[in-house]
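Visitor: Next up, query-v7.txt (compact mmCIF, C-alpha atoms).
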# COMPACT_ATOMS: atom_id res chain seq x y z
CA MET A 847 11.74 -172.19 -385.07
CA ALA A 848 12.03 -168.59 -386.32
CA GLU A 849 15.83 -168.96 -386.23
CA LYS A 850 15.63 -172.10 -388.40
CA LYS A 851 13.36 -170.30 -390.91
CA ALA A 852 15.74 -167.32 -391.08
CA ARG A 853 18.67 -169.64 -391.75
CA SER A 854 16.79 -171.60 -394.44
CA SER A 855 15.96 -168.40 -396.37
CA LYS A 856 19.62 -167.37 -396.46
CA LEU A 857 21.54 -168.39 -399.56
CA THR A 858 24.46 -170.77 -399.28
CA PRO A 859 27.68 -169.58 -400.94
CA LYS A 860 26.99 -171.91 -403.91
CA GLN A 861 23.42 -170.67 -404.22
CA ALA A 862 24.60 -167.04 -404.14
CA ARG A 863 27.10 -167.86 -406.88
CA PHE A 864 24.33 -169.65 -408.83
CA VAL A 865 22.25 -166.45 -408.69
CA GLU A 866 25.18 -164.37 -410.01
CA GLU A 867 25.95 -166.88 -412.75
CA TYR A 868 22.30 -167.24 -413.77
CA LEU A 869 22.17 -163.52 -414.60
CA ILE A 870 24.87 -163.99 -417.25
CA ASP A 871 22.84 -166.07 -419.71
CA LEU A 872 19.64 -167.10 -417.88
CA ASN A 873 20.66 -170.74 -418.26
CA ALA A 874 20.16 -172.64 -415.00
CA THR A 875 22.27 -175.66 -416.01
CA GLN A 876 25.25 -173.56 -417.06
CA ALA A 877 24.86 -171.34 -413.99
CA ALA A 878 24.98 -174.42 -411.76
CA ILE A 879 28.16 -175.65 -413.46
CA ARG A 880 29.84 -172.24 -413.17
CA ALA A 881 28.72 -172.02 -409.52
CA GLY A 882 30.65 -175.21 -408.76
CA TYR A 883 28.00 -177.92 -408.90
CA SER A 884 28.96 -181.12 -410.72
CA VAL A 885 28.35 -181.31 -414.47
CA GLU A 886 26.44 -184.58 -413.99
CA THR A 887 23.91 -183.04 -411.58
CA ALA A 888 23.89 -179.45 -412.87
CA LYS A 889 20.58 -179.71 -414.76
CA GLU A 890 18.81 -181.17 -411.74
CA ILE A 891 20.41 -178.72 -409.29
CA GLY A 892 19.54 -175.77 -411.54
CA SER A 893 15.92 -176.91 -411.63
CA GLN A 894 15.86 -177.54 -407.88
CA ASN A 895 17.26 -174.09 -407.17
CA PHE A 896 14.28 -172.57 -408.98
CA THR A 897 11.85 -174.47 -406.76
CA LYS A 898 13.48 -172.94 -403.67
CA LEU A 899 11.62 -169.74 -402.94
CA HIS A 900 14.60 -167.93 -401.41
CA VAL A 901 16.79 -168.67 -404.47
CA ARG A 902 14.08 -167.64 -406.93
CA THR A 903 13.43 -164.48 -404.89
CA ALA A 904 17.17 -163.63 -404.96
CA ILE A 905 17.21 -164.08 -408.75
CA GLU A 906 14.14 -161.88 -409.23
CA LYS A 907 15.62 -159.22 -406.94
CA ALA A 908 18.97 -159.28 -408.77
CA MET A 909 17.22 -159.03 -412.16
CA ALA A 910 15.10 -156.09 -410.96
CA GLU A 911 18.20 -154.33 -409.62
CA ARG A 912 20.01 -154.89 -412.92
CA SER A 913 17.01 -153.59 -414.86
CA LYS A 914 16.89 -150.47 -412.69
CA ARG A 915 20.66 -149.95 -412.94
CA THR A 916 20.82 -150.36 -416.72
CA GLY A 917 17.46 -148.86 -417.63
CA VAL A 918 16.63 -152.00 -419.61
CA THR A 919 12.99 -152.84 -419.02
CA GLN A 920 10.42 -154.96 -420.82
CA ASP A 921 8.60 -151.82 -421.92
CA ARG A 922 11.76 -150.34 -423.37
CA ILE A 923 12.55 -153.53 -425.28
CA VAL A 924 9.01 -153.79 -426.65
CA LEU A 925 9.14 -150.15 -427.76
CA GLU A 926 12.44 -150.73 -429.55
CA LEU A 927 11.05 -153.82 -431.29
CA ALA A 928 8.01 -151.78 -432.32
CA ARG A 929 10.28 -149.10 -433.84
CA ILE A 930 11.96 -151.76 -435.97
CA ALA A 931 8.75 -153.59 -436.82
CA PHE A 932 6.74 -150.56 -437.89
CA VAL A 933 9.31 -148.28 -439.53
CA ASN A 934 8.59 -147.29 -443.09
CA ALA A 935 11.75 -147.18 -445.19
CA THR A 936 10.44 -144.18 -447.16
CA ASP A 937 10.33 -142.19 -443.90
CA VAL A 938 14.03 -142.85 -443.28
CA ILE A 939 15.84 -143.30 -446.59
CA ALA A 940 15.98 -140.59 -449.27
CA ASP A 941 16.13 -141.34 -453.01
CA ASP A 942 19.90 -140.80 -452.98
CA ALA A 943 20.32 -143.50 -450.27
CA THR A 944 20.99 -141.07 -447.45
CA VAL A 945 19.16 -140.77 -444.16
CA MET A 946 16.41 -138.20 -444.55
CA GLU A 947 16.91 -134.97 -442.62
CA ASN A 948 13.38 -135.08 -441.26
CA ALA A 949 13.63 -138.70 -440.07
CA THR A 950 12.43 -138.91 -436.49
CA ARG A 951 14.39 -140.40 -433.63
CA ASP A 952 12.02 -143.40 -433.70
CA ASP A 953 12.72 -143.85 -437.41
CA THR A 954 16.49 -143.71 -437.04
CA ALA A 955 16.35 -146.15 -434.11
CA ALA A 956 15.40 -148.79 -436.68
CA ILE A 957 18.64 -148.32 -438.63
CA GLN A 958 20.95 -151.28 -438.15
CA SER A 959 23.90 -149.97 -440.15
CA VAL A 960 25.00 -147.30 -442.59
CA LYS A 961 27.83 -147.95 -445.05
CA VAL A 962 29.39 -145.33 -447.29
CA LYS A 963 31.99 -146.42 -449.81
CA VAL A 964 33.91 -143.92 -451.96
CA ILE A 965 34.87 -145.47 -455.29
CA PRO A 966 37.40 -143.85 -457.64
CA THR A 967 36.06 -143.67 -461.19
CA GLN A 968 37.23 -142.13 -464.47
CA ASN A 969 34.96 -139.14 -463.82
CA GLY A 970 36.15 -138.56 -460.24
CA GLU A 971 34.74 -140.29 -457.22
CA GLY A 972 31.55 -142.25 -456.94
CA VAL A 973 29.79 -142.92 -453.67
CA GLU A 974 28.05 -146.13 -452.83
CA ARG A 975 25.68 -145.97 -449.87
CA GLU A 976 23.87 -148.71 -448.02
CA ILE A 977 21.39 -148.17 -445.22
CA LYS A 978 20.26 -151.38 -443.57
CA LEU A 979 17.20 -151.39 -441.36
CA GLY A 980 16.66 -153.86 -438.52
CA ASP A 981 15.04 -157.20 -439.27
CA LYS A 982 11.37 -156.27 -439.56
CA LEU A 983 10.06 -159.86 -439.68
CA LYS A 984 12.04 -160.89 -436.60
CA ALA A 985 10.80 -157.85 -434.69
CA LEU A 986 7.20 -158.62 -435.69
CA GLU A 987 7.66 -162.26 -434.67
CA LEU A 988 9.03 -161.30 -431.25
CA LEU A 989 6.23 -158.79 -430.69
CA GLY A 990 3.67 -161.41 -431.75
CA LYS A 991 5.12 -163.89 -429.27
CA HIS A 992 5.10 -161.23 -426.56
CA ILE A 993 1.38 -160.59 -426.98
CA GLY A 994 0.54 -164.29 -427.37
CA MET A 995 -0.43 -164.32 -431.03
CA TRP A 996 1.28 -167.61 -431.82
CA ASN A 997 -0.27 -169.73 -429.06
CA ASP A 998 -3.00 -171.29 -431.25
CA LYS A 999 -0.96 -174.42 -431.99
CA GLN A 1000 -0.23 -174.93 -428.31
CA ARG A 1001 -3.89 -174.41 -427.40
CA ALA A 1002 -4.94 -176.94 -430.05
CA ALA A 1003 -2.36 -179.47 -428.83
CA ASP A 1004 -3.52 -178.97 -425.23
CA ALA A 1005 -7.16 -179.47 -426.28
CA ARG A 1006 -6.27 -182.69 -428.17
CA GLU A 1007 -4.36 -184.00 -425.17
CA GLU A 1008 -7.29 -183.22 -422.87
CA GLU A 1009 -9.68 -185.03 -425.24
CA MET A 1010 -7.36 -188.05 -425.33
CA GLN A 1011 -7.16 -188.11 -421.53
CA LYS A 1012 -10.96 -187.98 -421.27
CA ALA A 1013 -11.30 -190.76 -423.84
CA SER A 1014 -8.69 -192.84 -422.05
CA SER A 1015 -10.42 -192.30 -418.72
CA GLY A 1016 -13.75 -193.29 -420.28
CA MET A 1017 -12.20 -196.43 -421.74
CA LEU A 1018 -10.76 -197.40 -418.36
CA GLN A 1019 -14.15 -196.90 -416.70
CA LEU A 1020 -15.82 -198.97 -419.41
CA MET A 1021 -13.25 -201.76 -419.02
CA ALA A 1022 -13.72 -201.74 -415.24
CA SER A 1023 -17.49 -201.98 -415.69
CA LEU A 1024 -17.11 -204.87 -418.15
CA GLU A 1025 -14.75 -206.69 -415.78
CA GLN A 1026 -17.23 -206.25 -412.92
CA ALA A 1027 -20.07 -207.53 -415.09
CA ALA A 1028 -17.97 -210.50 -416.20
CA GLY A 1029 -17.09 -211.25 -412.57
CA ARG A 1030 -20.78 -211.22 -411.59
CA ASN A 1031 -21.64 -213.54 -414.46
CA ARG A 1032 -18.94 -216.00 -413.34
CA ASP A 1033 -20.17 -215.88 -409.73
CA SER A 1034 -23.74 -216.72 -410.71
Show me this structure written as structure tokens.
Guide:
Amino acid sequence: MAEKKARSSKLTPKQARFVEEYLIDLNATQAAIRAGYSVETAKEIGSQNFTKLHVRTAIEKAMAERSKRTGVTQDRIVLELARIAFVNATDVIADDATVMENATRDDTAAIQSVKVKVIPTQNGEGVEREIKLGDKLKALELLGKHIGMWNDKQRAADAREEEMQKASSGMLQLMASLEQAAGRNRDS
């Protein structure tokens, strides 16, 4: 029995390949196709693989190892989003469109790009500068999702569905009671 359990927790070659492929884009269907499962059944196989504890455990372990190896963690990503979301342009960009000397590392982390264009003019050279900061609204949106700020619509939809199920259940009970009463009236 223990031997059977040990064998069942071991990944098949296709499952091992599925785990590797899943790490590429976190898309179970595409990972199943790339791992060699048929295109027609890939969505189902991808879903089934996630219900298998040993496959899901292998994926979680591989993701944790990758996170440790690369230094990319949820905390680090949230901190970077916060840098973009909460940067103040006046702390980073000087009046002459240059990066301020006293800008902090957190401030400069929010810079998406810097462009400097030298333009010949009649009076010599002119310089055109552009400093583009990261997308503040997108960063705020992602942070809001991370902390669950935008779940109100889902909660309301869930509450409506629950109310409808209760009402439907009540209607079914009422109909059953009416049918029973009608049956008793026919019998008498």
Visitor: Have a look at CA of Leu1018 in chain A and CA of Ala1003 in chain A and let me know their distance in Å, one decimal.
Guide: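 Distance reported for this atom pair: 22.4 Å.
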Visitor: Hey, which of A:Ala940, A:Leu869, A:Leu1024, A:Ala956 ends up closest to Ala910 in chain A? Count all atoms listed in the file.
Guide: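 Going through A:Ala940, A:Leu869, A:Leu1024, A:Ala956 one by one, the smallest distance to Ala910 in chain A is for A:Leu869.
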Visitor: What's the separation between CA of Thr903 in chain A and CA of Lys860 in chain A, in Å to one decimal place?
Guide: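 The value is 15.5 Å.
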Visitor: Using all atoms listed in the file, which residue out of A:Ile923, A:Thr944, A:Gly1016, A:Ala1022 lies closest to Ala985 in chain A?
Guide: A:Ile923
Visitor: Identify which of the residues A:Leu927, A:Ala1013, A:Ala943, A:Val973 lies closest to Lys991 in chain A, counting only C-alpha atoms when measuring atom-to-atom distances.
Guide: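 Ranked by minimum distance to Lys991 in chain A, first place goes to A:Leu927.
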Visitor: Just checking: using only C-alpha atoms, which residue out of A:Lys898, A:Lys982, A:Arg975, A:Arg915 ends up closest to Arg929 in chain A?
Guide: A:Lys982
Visitor: Could you list, as an MDAnalysis selection string, every residue within 10 Å of Ala928 in chain A, counting only C-alpha atoms and ignoring same-chain residues fewer than 3 positions away?
Guide: chainID A and resid 922:925 931:933 952 956 982 985:986 988:989
Visitor: I'd like the neighbourhood of Phe864 in chain A as a PyMOL selection string, where a residue qualifies if any of its atoms comes within 8 Å (using all atoms listed in the file), though same-chain residues fewer than 6 positions away should be ignored.
Guide: chain A and resi 877-878+880-881
Visitor: Just need the box for range 901-913 of chain A, edges along x, y and z, holding every atom the file lists for it with 3 Å tacked onto each side, so centre and edge lengths in Å to one decimal, as lines of an AutoDock Vina configuration file.
Guide:
center_x = 16.7
center_y = -161.1
center_z = -409.7
size_x = 12.6
size_y = 21.1
size_z = 16.4
Visitor: So how far away is CA of Asn948 in chain A from CA of Lys963 in chain A, in Å?
Guide: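 Rounded to one decimal, the two atoms are 23.4 Å apart.
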Visitor: Which is closest to Val962 in chain A among A:Val918, A:Leu899, A:Asp981, A:Asp942, if we use only C-alpha atoms?
Guide: A:Asp942
Visitor: Any idea what's packed within 9 Å of Ser959 in chain A, counting all atoms listed in the file, ignoring anything in its chain fewer than 6 positions away? Could you give it as an mmCIF file with C-alpha atoms, in the coordinates of the input?
Guide:
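After the write, part_20.cif holds the following:
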data_model
loop_
_atom_site.group_PDB
_atom_site.id
_atom_site.type_symbol
_atom_site.label_atom_id
_atom_site.label_comp_id
_atom_site.auth_asym_id
_atom_site.auth_seq_id
_atom_site.Cartn_x
_atom_site.Cartn_y
_atom_site.Cartn_z
ATOM 1 C CA GLU A 976 23.870 -148.710 -448.020
ATOM 2 C CA ILE A 977 21.390 -148.170 -445.220
ATOM 3 C CA LYS A 978 20.260 -151.380 -443.570
ATOM 4 C CA LEU A 979 17.200 -151.390 -441.360
ATOM 5 C CA GLY A 980 16.660 -153.860 -438.520
#
Visitor: For Val938 in chain A, which of A:Gly970, A:Glu926, A:Ile965, A:Asp953 is the closest residue, counting all atoms listed in the file?
Guide: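 Smallest distance to Val938 in chain A is found for A:Asp953.
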Visitor: Write out as a PyMOL selection string each polymer residue whose atoms come within 12 Å of Thr858 in chain A, counting only C-alpha atoms; drop sequence neighbours fewer than 2 positions from it.
Guide: chain A and resi 853-856+860-865+881+895+900-901+904
